[in-house]
Every structure is written in structure tokens, then in C-alpha cells.
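Reviewing the structure listed below.
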Amino acid sequence: MKNNHNSAPLIHTLVWFAATCSSLSGGRAASAADALGVVPVPESVQIELLPDAKPRNVVFILSDDHRYDAMSFLGHPIAETPRMDAMARDGVHLKNAYVTTSLCSPSRASILTGLYTFRHRVIDNQRAVPDGTLFFPQYLQKAGYRTGFVGKWHMGGGSDQPRPGFDYWVSFKGQGHYLPPNPKYTLNVNGQRVKQKGYITTELTDYAIDFLKQQQDSDTPFFLYLSHKAVHGNFVPEQKYKGKFADKPFNLPANANPVGKNTLNRPRWVLDQRNSWHGMDFPLHTVDSIEEIYKWYCEALCSVDDSIGVVMDQLKAMGIHDETLVIYMGDNGYMFGEHGLIDKRVAYETSSRVPMLMQCPDLLKAGTVVDEVVANIDVGPTIMEAMGLRKPPHMDGRSFLPLAEHVGTADSQSQKIADAASTTWRDYFLYVYYWEPNFPMTPTHFSLRGDRYKYITYYGLWDTDELFDIKADPHEQNNLIHDPKFADQRDKMQSRLYQMMEELGGMHIPMNAPRGRQHNKRLRSRGVHDRSGEKAADFPEAMIVEEALRTILND
């Protein structure tokens with residue numbers, strides 16, 4: 001990130017929430033958004049071709065819960081990912097990729113719509129996509145391109161029926177299963193019930209190859225979205241990888257140590273969450289250790305890495321490898337002991353940051369590293385540009401192709417676009433998470449992440465907010481929010497966060513009725529420094545005073 005945020009080119013918005021809730025609020029929310037001059041989601045798909053563009057084939061591969069650093073080219077102590085390593089070597093590593101909400105359905109909805117979570121309204125894993133939502137593949141389909149979706153959809157887990165924008169469809173209900181749970185279990189393959197035969201990562205890859213083979217003799221550009229279930233918990237490795245990493249050495253992260261007296265001003269809710277479904281002392285309400293869970297996770301990731309290789313080999317066999325843009329990404333991060341937690345949802349780096357790789361030898365220089373912050377809301381605009389379409393003005397994201405093209409393309413027009421992008425790219429990235437009744441441990445919170453500092457505010461909670469110097473404190477342990485030396489930085493980021501939320505129409509917190517099981521239990525025998533599980537954590541030291549602050553009530 002190099003330059004200042006420019007709200008006009010960065011985001012053209014109207015909160016979809018405002019439109020859907022206007023009947024409940026007398027149109028007040030919609031009127032407020034209209035007053036900002038933002039652009040609503042249109043009612044129909046209208047395409048605009050980019051002049052002199054050469055539409056490319058695009059393959060987008062998404063994995064589930066893959067944390068940003070779990071790739072062997074980054075020196076990860078357990079994971080082995082030779083195919084991902086090859087993508088980074090032969091293509092582009094977007095090293096600062098983030099999601100707007102670190103949760104499966106909201107992140108996937110942002111990928112498909114190009115919208116922030118409070119706009120597309122898929123705020124948790126329990127809700128279907130609202131009627132009237134537009135997905136960027138609908139624009140590709142309108143342009144006459146062939147489109148295919150294979151894998152986990154999840155938004156509206158009760159149905160696996162084909163969704164708008166796709167000619168070819170393979171999916172399953174909800175999270176799906178690594179292995180068929182019974183002999184009658186089926187996938188939805190182009191509207192037909194077809195039995196799942198074996199390990200889901202391999203089977204989805206086979207269906208993806210089937211789609212690619214159907215494009216063999218066609219001159220029509222295609223878009224393939226391969227959306228893996230892996231590596232979502234419960235982590236079940238493919239048989240050939242079970243136990244592969246059992247003997248590898250393992251160390252807990254530096255910020256996994258329990259906190260006794262809260263002298264570092266950590267939020268109470270984080271310390272309390274250590275003993276919960278999402279805490280390392282009671283992980284997913286099991287007796288499994290973080291080490292065991294992490295190794296199963298990395299073993300399951302091996303099959304996702306294999307899948308990338310199979311897709312690349314098929315593109316080579318078709319003679320279109322060099323001209324096809326392939327993007328790999330995780331839908332959110334995952335913690336294994338960081339901050340005493342497991343899972344995702346929070347704004348901390350190991351939760352909100354994801355792996356992202358991109359390869360297209362005809363377009364992108366091998367070994368390129370992009371430093372700017374890119375996001376899941378940018379995926380749709382990027383793919384649309386690669387396929388010769390201008391992104392619709394209602395989308396919040398932007399194409400990051402020019403950032404990668406800045407190094408390695410001789411085309412003067414591409415260089416001009418890249419130069420323009422590098423001077424107008426975002427300097428702040430907005431993150432939101434909304435409290436879920438079925439996972440009540442994590443509060444609603446909003447975060448602003450810059451190139452050095454991150455500000456997090458927890459809404460409606462008697463607790464401390466957080467401010468981190470990411471460069472000096474990458475493990476996010478030294479909360480600077482109460483340090484007078486950082487008061488100006490805190491106030492600046494707090495003001496900017498609420499300004500951006502106002503600009504984007506995010507000042508209305510969505511509410512949904514409870515749905516799903518409540519994972520609200522603690523283990524009595526486990527607690528901070530052997531304190532029993534029914535005890536709450538200490539308040540942050542900065543919030544404690546030694547004597548009354550007022551001597552007389554009317555003073």
C-alpha cells in the first residue's frame with residue numbers, strides 16, 4: 001500500500017441492506033444512502049466491453065480455511081505445497097490478501113458479488129443469498145462466455161440447486177462431506193442426483209477437468225470456479241496422506257501463551273474465549289491437541305495442492321496453459337493457537353489474511369510479488385477485466401490485475417494502467433464481523449487495517465478496543481490503544497473507520513433471528529493459569545482505577 005484512499009474510485013456503493021430494509025424503516029436507510037450519491041445494485045445485468053481487450057480463459061480455485069502462511073515456499077514448518085510453490089515461482093504472489101469477513105458464506109458472497117458483507121447481507125453461515133443479488137459470473141454468461149461451478153456453495157446450505165450465472169453445475173448441500181456419509185449420499189450434477197464416489201477434493205477436481213475437456217474445441221472463452229470443501233474442519237486427510245506429518249516437529253505460536261494478570265490490556269472476551277469451542281484449551285469442544293488438529297489440516301491441504309496440479313496439467317494438455325489466468329485463494333484464514341484461539345471470525349492477521357496466487361505466463365512476469373492490500377471483493381472485478389468486461393459501477397472492489405502487470409508487461413497501455421493503479425490503490429482496508437447467536441463467544445467488531453497500523457473496535461461490549469503496529473508487532477500482542485504516544489493514530493483510525501462505514505452505508509448493524517446450535521460451553525477443569533473454567537478473565541489494566549474519579553456527584 002503506497003498511497004491514500006480515494007473513496008470515489010475505490011468504492012461506488014449503496015447498501016443492499018438499505019434497499020431491503022427500507023420497508024421496515026420507512027425508507028430512511030435507503031434515503032441516507034441515496035444522499036451519499038452511491039450506486040445501487042442494478043435490477044438486471046448490463047455488460048460493457050473493454051475496448052481492444054482480448055478475453056482470456058480464467059480458472060479460479062478457492063479453498064476453505066487456508067491460512068495465508070501455510071505454504072511451503074513461505075517456510076511453513078508443516079505444510080508441503082509444491083504446486084502452490086510453483087504458482088508463486090512462475091506467477092504472482094499477492095502477499096497481502098484479505099477477506100472482508102473471515103467466515104465461509106460472507107467471504108464467498110463477497111467474492112461472487114464484489115460487495116462488502118453489509119451490502120450483500122450474507123452475514124453468517126446460516127442465511128441464503130437474498131433475492132435480487134447479482135453474481136459476477138452472470139455478467140460473463142451475458143457476454144456469451146461458458147461458465148462452470150464445481151464444489152462448495154454454502155450460501156443457503158439447505159439447497160444444492162444450480163445458481164444463476166453458471167452453465168455447468170456440481171455442488172452439495174451445506175459443508176458437504178470429505179467422504180460419502182452413506183451409500184445413498186448424492187451431489188447435484190447439472191440438476192441430477194449423482195452419488196459421491198470417494199474423497200471430495202479428488203472428486204471435485206475430476207468434475208472440474210470434465211468441464212475443461214468440454215471446452216477443448218471451442219473458441220468461446222470460459223470461466224471455471226473450482227470451490228473446494230477442504231480444508232474445512234473436521235479435517236479428514238485423503239487416505240494416502242493420513243499421518244504424513246505425524247512426526248514433524250511442532251511448536252505453538254509465540255502468542256499462544258496464557259495471560260494471567262491482564263497487564264498487556266488484552267480484551268477480556270479474547271482471554272475468556274481460550275476456554276471455548278473456538279479456544280485452544282477446549283478446541284471445537286474436543287480433547288484433541290492443537291498439534292494433532294494442525295497436522296490433520298496440513299495433510300488435508302495436500303489434496304488441494306494436488307488439485308491445482310491436475311488443473312494446470314489439463315490446461316497444458318489443451319495447449320492453453322500460458323494464455324489462461326489461474327487464481328488460487330483461501331476463503332478465510334485459520335488460527336492454531338494464535339491469541340489462544342482456534343478457527344477464524346476475528347480481525348487478527350491469521351484469521352483475516354489469506355493465501356492468493358495468480359499465474360498467466362502470457363500476461364504476468366514470473367516471481368512477481370504484490371505488496372498492496374487486495375481483497376475478496378476484488379476477485380470479481382479482476383476476473384471481469386481479464387475476460388474483457390468493465391466491472392459494473394455498483395461493485396465495491398477493483399481489479400488487481402494492473403498491480404501484477406506493473407512488473408513484466410511490455411505493453412505501454414498496460415503499463416499506463418498499472419502506473420495509475422499504483423497511485424490510487426487503497427491505503428485502508430475495512431473488516432466487519434457480526435455476532436452469531438450460535439457462536440456467541442465472538443462479538444460484533446469492525447477493523448481498519450493500514451500498511452502499518454490496525455485498529456479494531458468491539459461494538460456493544462464493555463471491553464477494550466485494540467491498536468497494533470503490525471510491522472513492529474506482527475503477532476499483535478502489544479495493544480497500543482491506551483498508550484498516550486499513539487493517541488493521535490488511534491483517533492485518526494477511529495474517525496476514518498466510521499467515515500468509511502458511513503460512505504459505504506455500513507452504519508446499520510444487521511440482525512437475524514437465531515439459527516443453528518449454540519456452541520456456548522466451557523470446560524470447568526480448564527482456565528487461565530489453572531483458574532477454573534467458570535471464572536472470567538481480568539479486565540485490562542488500563543481500565544482499572546485505584547480510587548474514585550469524582551469526589552462529589554454534582555462536581
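Labels for the C-alpha cells follow display order: chains A, B, ..., residues from 1 in each chain, ligands from 1.
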Compile a residue-level contact table for segment 120-139 of chain A against segment 218-223 of chain A at a cut-off of 12 Å, reporting for every qualifying residue the shortest atom pair and its distance in Å to one decimal, with only C-alpha atoms counted, rows ordered by chain and ascending number, as CSV.
```
residue,atom,partner,partner_atom,distance
A:Phe136,CA,A:Phe223,CA,10.9
A:Pro137,CA,A:Phe223,CA,8.0
A:Gln138,CA,A:Phe223,CA,11.1
A:Tyr139,CA,A:Phe223,CA,11.2
```
Closest-contact table, segment 64-139 of chain A side, partner segment 235-245 of chain A, 10 Å, counting only C-alpha atoms, as JSON lines:
```
{"residue": "A:Ile78", "atom": "CA", "partner": "A:Phe245", "partner_atom": "CA", "distance": 6.8}
{"residue": "A:Ala79", "atom": "CA", "partner": "A:Phe245", "partner_atom": "CA", "distance": 8.3}
{"residue": "A:Glu80", "atom": "CA", "partner": "A:Phe245", "partner_atom": "CA", "distance": 9.4}
```
Distance query Gly388 of chain A at most 9 Å, only C-alpha atoms, self and fewer than 2 positions along chain excluded, as JSON, numbers by chain: {"A": [48, 49, 50, 51, 52, 53, 54, 55, 56, 383, 384, 385, 386, 390]}
Close residues, His321 of chain A itself excluded, 9 Å, only C-alpha atoms, min 6 positions apart in chain, as a ChimeraX atom specification: /A:312-315,360-361
Selection near Ala542 of chain A, 8 Å with only C-alpha atoms, sequence-local residues under 5 positions removed, as a PyMOL selection string: chain A and resi 263+265+482
Secondary structure check, alpha helix (DSSP H) residues of segment 64-249 of chain A, as a PyMOL selection string: chain A and resi 82-90+104-113+117-120+136-142+200-214
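With only C-alpha atoms as the atoms that count, the residue of A:Lys152, A:Asp217, A:Ile456, A:Gly380 with the shortest distance to Pro392 of chain A is A:Gly380.
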Segment 90-100 of chain A surroundings by only C-alpha atoms, 8 Å radius, close-in-sequence under 3 positions cut, as a PyMOL selection string: chain A and resi 86-87+107+110+116-117+331-332+352-361+364-377+404+430-432
Non-local contacts of segment 167-173 of chain A (9 Å; only C-alpha atoms; under 6 positions in same chain excluded) as a list in words: Gln141, Arg146, Thr147, Gly148, Phe149, Val150, Gly151, Lys152, Trp153, His154, Gly156, Gly157, Gly158, Ser159, Asp160, Gln161, Thr186, Leu187, Asn188, Val189, Asn190, Gly191, Leu204, Tyr207, Ala208 and Phe211 of chain A
